[in-house]
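For reference, the structure is listed below as structure tokens.
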Amino acid sequence: MKDNIMPTYASQDIRFVKGDGAWLWNEKNEKYLDALSGIAVCSLGHANPEIAEAISAQASTLLHTSNLYRVDKQEQLAAQLCTLTGMDNVFFANSGAEANEAAIKVARKYAHSEKIENPLIVTMNNSFHGRTLATLTATGNPKVKEGFSPLPTGFIHVDYNDISALEKAAEKHSNIVAILVEPIQGEGGVRIPDNDYLNKVSSLCQQNDWLLMLDEIQTGVARTGAFLASQHNDIKPDVITLAKALGNGVPIGACLCAGKAAGLLTAGSHGSTFGGNPLACASALKVLQIVEREQLASRAEKLGDFICKALSEKLDSYDSLVEIRHKGLMIGIELDKPCTELVARALNKHLLINVVANNTIRLLPPLIISDEQAEMIVNTLSEIILTF
Ligand SMILES: *Cc1c(COP(=O)(O)O)cnc(C)c1O
């Protein structure tokens, strides 16, 4: 019964019972095109046969032992992630929020190793980092915090894409130890900063000995046209967090560390019963293999450009369009009016989309969609927008 579920999500009244690639079917066997991928999770599509095979093979071999023992697939996955990202080591968790919790704990350990009292972590207004107490405190959205005080201390917020705001914070506070920032703000409205923003943030971190911690939970694993969104900037972060697409639907999160950040969490200082268990790692290893073999980063770049060009042509005469923003297949279409009702209208046309920041349609389609499916997204969506 729905009544037995805590109403933490204002969910649409529809149930999907099976999937195949970018398609989903409800219990009446009606077919829907998924342009959201369960919020950037199922990037390789639903019921991906290779992922299913990897999970099934692992399930019939070994589901879980414990991090009290070595876990083969966890070591393989960590090695591959380090190769792909240039980082040194990994802590595995089970969600994005937990990956960010690990990052926050790394920043606190770093502060204490540097003998900095009452350390501060800088995060951005309009950001999203999760729903645990520490990550909702890091999150730059008052609504997420409402009713949960007392909150952990040690976070300050500045405007996103504003270097002078960070410089001012540096002048005002001598106890800053880290910056936690999304390369593109997802929940905040698909906000893409200036091309050199992350480079400038990175320089500021180096000058001040702050850790640069990038939340790539939504942008990571090839979605924006590179394995990491920050790889468009050629920078060396100290900490990177991943989750969403890493397991293609099997829960897994990862906190990757480099250099001085890599040696701070030790035996007894952090842990997770399930984190990096054989099942989750088997799925993630297969994800990485497919992403690389199918060159999904460049596919995402090409498809994102195609969808946005086609959409801007179709919406050329639409007065309420503010802007279409995208990097790869992370797409935001901002209107000059609230548009959350478009989610239901799209669902009526058998298309799954999402609206963030009240006025921005967000598309996060699977990276494996065909050209034809990309055209269907454009046609259905522009039809809905033009009559709104
Ligand atoms: C989704 C998301 C999170 C939280 O991940 P959960 O798995 O829901 O805990 C954190 N940061 C960003 C940028 C996200 O998009």
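Residues in the structure tokens are numbered from 1 in each chain, the chains being A, B, ... in the order shown, and ligands are numbered from 1 in the order shown.
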Set the distance at 6 Å and use only C-alpha atoms: which residues neighbour segment 355-370 of chain A once local chain neighbours fewer than 4 positions away are removed? I'd like the list as a ChimeraX atom specification. /A:35-37,40,43-45,187-189,300,329-335,337-340
Selected residues written out with N, CA and C atoms, as a PDB file, in the first residue's frame:
```
ATOM      1  N   ALA A  35      13.533   9.823 -20.481  1.00  0.00           N
ATOM      2  CA  ALA A  35      14.549  10.859 -20.710  1.00  0.00           C
ATOM      3  C   ALA A  35      15.130  11.354 -19.386  1.00  0.00           C
ATOM      4  N   LEU A  36      15.062  10.510 -18.355  1.00  0.00           N
ATOM      5  CA  LEU A  36      15.553  10.915 -17.028  1.00  0.00           C
ATOM      6  C   LEU A  36      16.488   9.877 -16.391  1.00  0.00           C
ATOM      7  N   SER A  37      16.361   8.605 -16.833  1.00  0.00           N
ATOM      8  CA  SER A  37      17.236   7.520 -16.351  1.00  0.00           C
ATOM      9  C   SER A  37      17.211   7.354 -14.827  1.00  0.00           C
ATOM     10  N   ALA A  40      19.642  10.185 -13.662  1.00  0.00           N
ATOM     11  CA  ALA A  40      21.062   9.979 -14.040  1.00  0.00           C
ATOM     12  C   ALA A  40      21.655   8.680 -13.511  1.00  0.00           C
ATOM     13  N   SER A  43      22.225   4.960 -16.859  1.00  0.00           N
ATOM     14  CA  SER A  43      22.821   5.530 -18.066  1.00  0.00           C
ATOM     15  C   SER A  43      22.997   4.504 -19.165  1.00  0.00           C
ATOM     16  N   LEU A  44      23.106   3.237 -18.793  1.00  0.00           N
ATOM     17  CA  LEU A  44      23.276   2.189 -19.813  1.00  0.00           C
ATOM     18  C   LEU A  44      21.941   1.549 -20.146  1.00  0.00           C
ATOM     19  N   GLY A  45      20.860   2.183 -19.727  1.00  0.00           N
ATOM     20  CA  GLY A  45      19.521   1.695 -20.052  1.00  0.00           C
ATOM     21  C   GLY A  45      19.016   0.695 -19.030  1.00  0.00           C
ATOM     22  N   GLU A 187      20.485  19.625  -9.318  1.00  0.00           N
ATOM     23  CA  GLU A 187      19.203  19.947  -8.676  1.00  0.00           C
ATOM     24  C   GLU A 187      18.975  21.457  -8.673  1.00  0.00           C
ATOM     25  N   GLY A 188      20.044  22.209  -8.656  1.00  0.00           N
ATOM     26  CA  GLY A 188      19.951  23.675  -8.623  1.00  0.00           C
ATOM     27  C   GLY A 188      19.451  24.283  -9.925  1.00  0.00           C
ATOM     28  N   GLY A 189      19.256  23.462 -10.964  1.00  0.00           N
ATOM     29  CA  GLY A 189      18.690  23.985 -12.213  1.00  0.00           C
ATOM     30  C   GLY A 189      19.578  23.808 -13.434  1.00  0.00           C
ATOM     31  N   ALA A 300      27.606  10.798 -25.701  1.00  0.00           N
ATOM     32  CA  ALA A 300      26.815  11.752 -24.905  1.00  0.00           C
ATOM     33  C   ALA A 300      27.007  13.173 -25.435  1.00  0.00           C
ATOM     34  N   LEU A 329      24.847  14.950 -22.162  1.00  0.00           N
ATOM     35  CA  LEU A 329      23.429  14.622 -21.979  1.00  0.00           C
ATOM     36  C   LEU A 329      22.900  15.076 -20.618  1.00  0.00           C
ATOM     37  N   MET A 330      23.440  16.165 -20.112  1.00  0.00           N
ATOM     38  CA  MET A 330      22.878  16.839 -18.933  1.00  0.00           C
ATOM     39  C   MET A 330      22.298  18.151 -19.454  1.00  0.00           C
ATOM     40  N   ILE A 331      20.965  18.189 -19.558  1.00  0.00           N
ATOM     41  CA  ILE A 331      20.309  19.252 -20.320  1.00  0.00           C
ATOM     42  C   ILE A 331      19.295  19.984 -19.454  1.00  0.00           C
ATOM     43  N   GLY A 332      19.317  21.311 -19.506  1.00  0.00           N
ATOM     44  CA  GLY A 332      18.326  22.122 -18.804  1.00  0.00           C
ATOM     45  C   GLY A 332      17.668  23.086 -19.769  1.00  0.00           C
ATOM     46  N   ILE A 333      16.341  23.164 -19.717  1.00  0.00           N
ATOM     47  CA  ILE A 333      15.592  24.088 -20.573  1.00  0.00           C
ATOM     48  C   ILE A 333      14.841  25.024 -19.644  1.00  0.00           C
ATOM     49  N   GLU A 334      15.352  26.244 -19.505  1.00  0.00           N
ATOM     50  CA  GLU A 334      14.769  27.180 -18.536  1.00  0.00           C
ATOM     51  C   GLU A 334      13.671  28.019 -19.177  1.00  0.00           C
ATOM     52  N   LEU A 335      12.530  28.074 -18.517  1.00  0.00           N
ATOM     53  CA  LEU A 335      11.420  28.923 -18.973  1.00  0.00           C
ATOM     54  C   LEU A 335      11.289  30.123 -18.044  1.00  0.00           C
ATOM     55  N   LYS A 337       8.725  30.961 -16.512  1.00  0.00           N
ATOM     56  CA  LYS A 337       7.584  30.760 -15.607  1.00  0.00           C
ATOM     57  C   LYS A 337       7.687  29.375 -14.978  1.00  0.00           C
ATOM     58  N   PRO A 338       7.029  29.182 -13.819  1.00  0.00           N
ATOM     59  CA  PRO A 338       7.040  27.859 -13.192  1.00  0.00           C
ATOM     60  C   PRO A 338       6.476  26.818 -14.162  1.00  0.00           C
ATOM     61  N   CYS A 339       7.079  25.638 -14.192  1.00  0.00           N
ATOM     62  CA  CYS A 339       6.635  24.663 -15.202  1.00  0.00           C
ATOM     63  C   CYS A 339       6.617  23.228 -14.684  1.00  0.00           C
ATOM     64  N   THR A 340       6.471  23.054 -13.371  1.00  0.00           N
ATOM     65  CA  THR A 340       6.465  21.688 -12.833  1.00  0.00           C
ATOM     66  C   THR A 340       5.341  20.829 -13.421  1.00  0.00           C
TER      67      THR A 340
END
```
Surroundings of ligand 1 up to 8 Å, based on only C-alpha atoms and all ligand atoms, as a ChimeraX atom specification: /A:39,94-100,127-132,135,182,185-187,215-219,243-244,251,253
Export of prior selection with C-alpha atoms as a PDB file, in the first residue's frame:
```
ATOM      1  CA  ILE A  39      17.803  10.742 -12.228  1.00  0.00           C
ATOM      2  CA  ASN A  94      26.237   2.938  -0.935  1.00  0.00           C
ATOM      3  CA  SER A  95      24.867   6.296  -2.063  1.00  0.00           C
ATOM      4  CA  GLY A  96      25.791   9.808  -3.051  1.00  0.00           C
ATOM      5  CA  ALA A  97      25.093  11.301   0.358  1.00  0.00           C
ATOM      6  CA  GLU A  98      27.359   8.722   1.970  1.00  0.00           C
ATOM      7  CA  ALA A  99      30.124   9.423  -0.539  1.00  0.00           C
ATOM      8  CA  ASN A 100      29.876  13.118   0.380  1.00  0.00           C
ATOM      9  CA  SER A 127      23.898  23.368  -4.440  1.00  0.00           C
ATOM     10  CA  PHE A 128      22.704  19.858  -3.621  1.00  0.00           C
ATOM     11  CA  HIS A 129      24.836  17.331  -1.754  1.00  0.00           C
ATOM     12  CA  GLY A 130      22.368  14.913  -0.136  1.00  0.00           C
ATOM     13  CA  ARG A 131      19.902  14.358   2.685  1.00  0.00           C
ATOM     14  CA  THR A 132      21.964  13.178   5.658  1.00  0.00           C
ATOM     15  CA  THR A 135      25.145  16.772   3.535  1.00  0.00           C
ATOM     16  CA  GLU A 182      29.430  20.500  -8.221  1.00  0.00           C
ATOM     17  CA  GLN A 185      24.646  22.220 -10.443  1.00  0.00           C
ATOM     18  CA  GLY A 186      22.059  19.549 -11.173  1.00  0.00           C
ATOM     19  CA  GLU A 187      19.203  19.947  -8.676  1.00  0.00           C
ATOM     20  CA  ASP A 215      30.713  16.393  -6.157  1.00  0.00           C
ATOM     21  CA  GLU A 216      30.471  14.503  -9.467  1.00  0.00           C
ATOM     22  CA  ILE A 217      27.614  12.317  -8.266  1.00  0.00           C
ATOM     23  CA  GLN A 218      25.333  13.540 -11.053  1.00  0.00           C
ATOM     24  CA  THR A 219      27.900  14.716 -13.615  1.00  0.00           C
ATOM     25  CA  ALA A 243      27.420   7.542  -7.148  1.00  0.00           C
ATOM     26  CA  LYS A 244      24.314   7.652  -9.365  1.00  0.00           C
ATOM     27  CA  PRO A 251      23.426   1.208  -5.158  1.00  0.00           C
ATOM     28  CA  GLY A 253      28.889   5.466  -3.979  1.00  0.00           C
TER      29      GLY A 253
END
```
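Here atom CA of Leu321 of chain A stands at a distance of 16.6 Å from atom CA of Val343 of chain A.
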Which of segment 176-306 of chain A DSSP labels alpha helix (DSSP H), written as a VMD selection string: chain A and resid 197 to 208 278 to 293 296 to 306
All residues 10 Å or closer to Phe227 of chain A, only C-alpha atoms, same chain fewer than 6 positions away omitted, as a list in words: Leu81, Leu84, Thr85, Glu216, Thr219, Gly220, Val221, Leu288, Val291, Glu292, Gln295, Leu296, Ala297 and Ser298 of chain A
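In this comparison, which uses only C-alpha atoms, the residue of A:Leu151, A:Val378, A:Val41, A:Ala178 approaching Lys109 of chain A most closely is A:Ala178.
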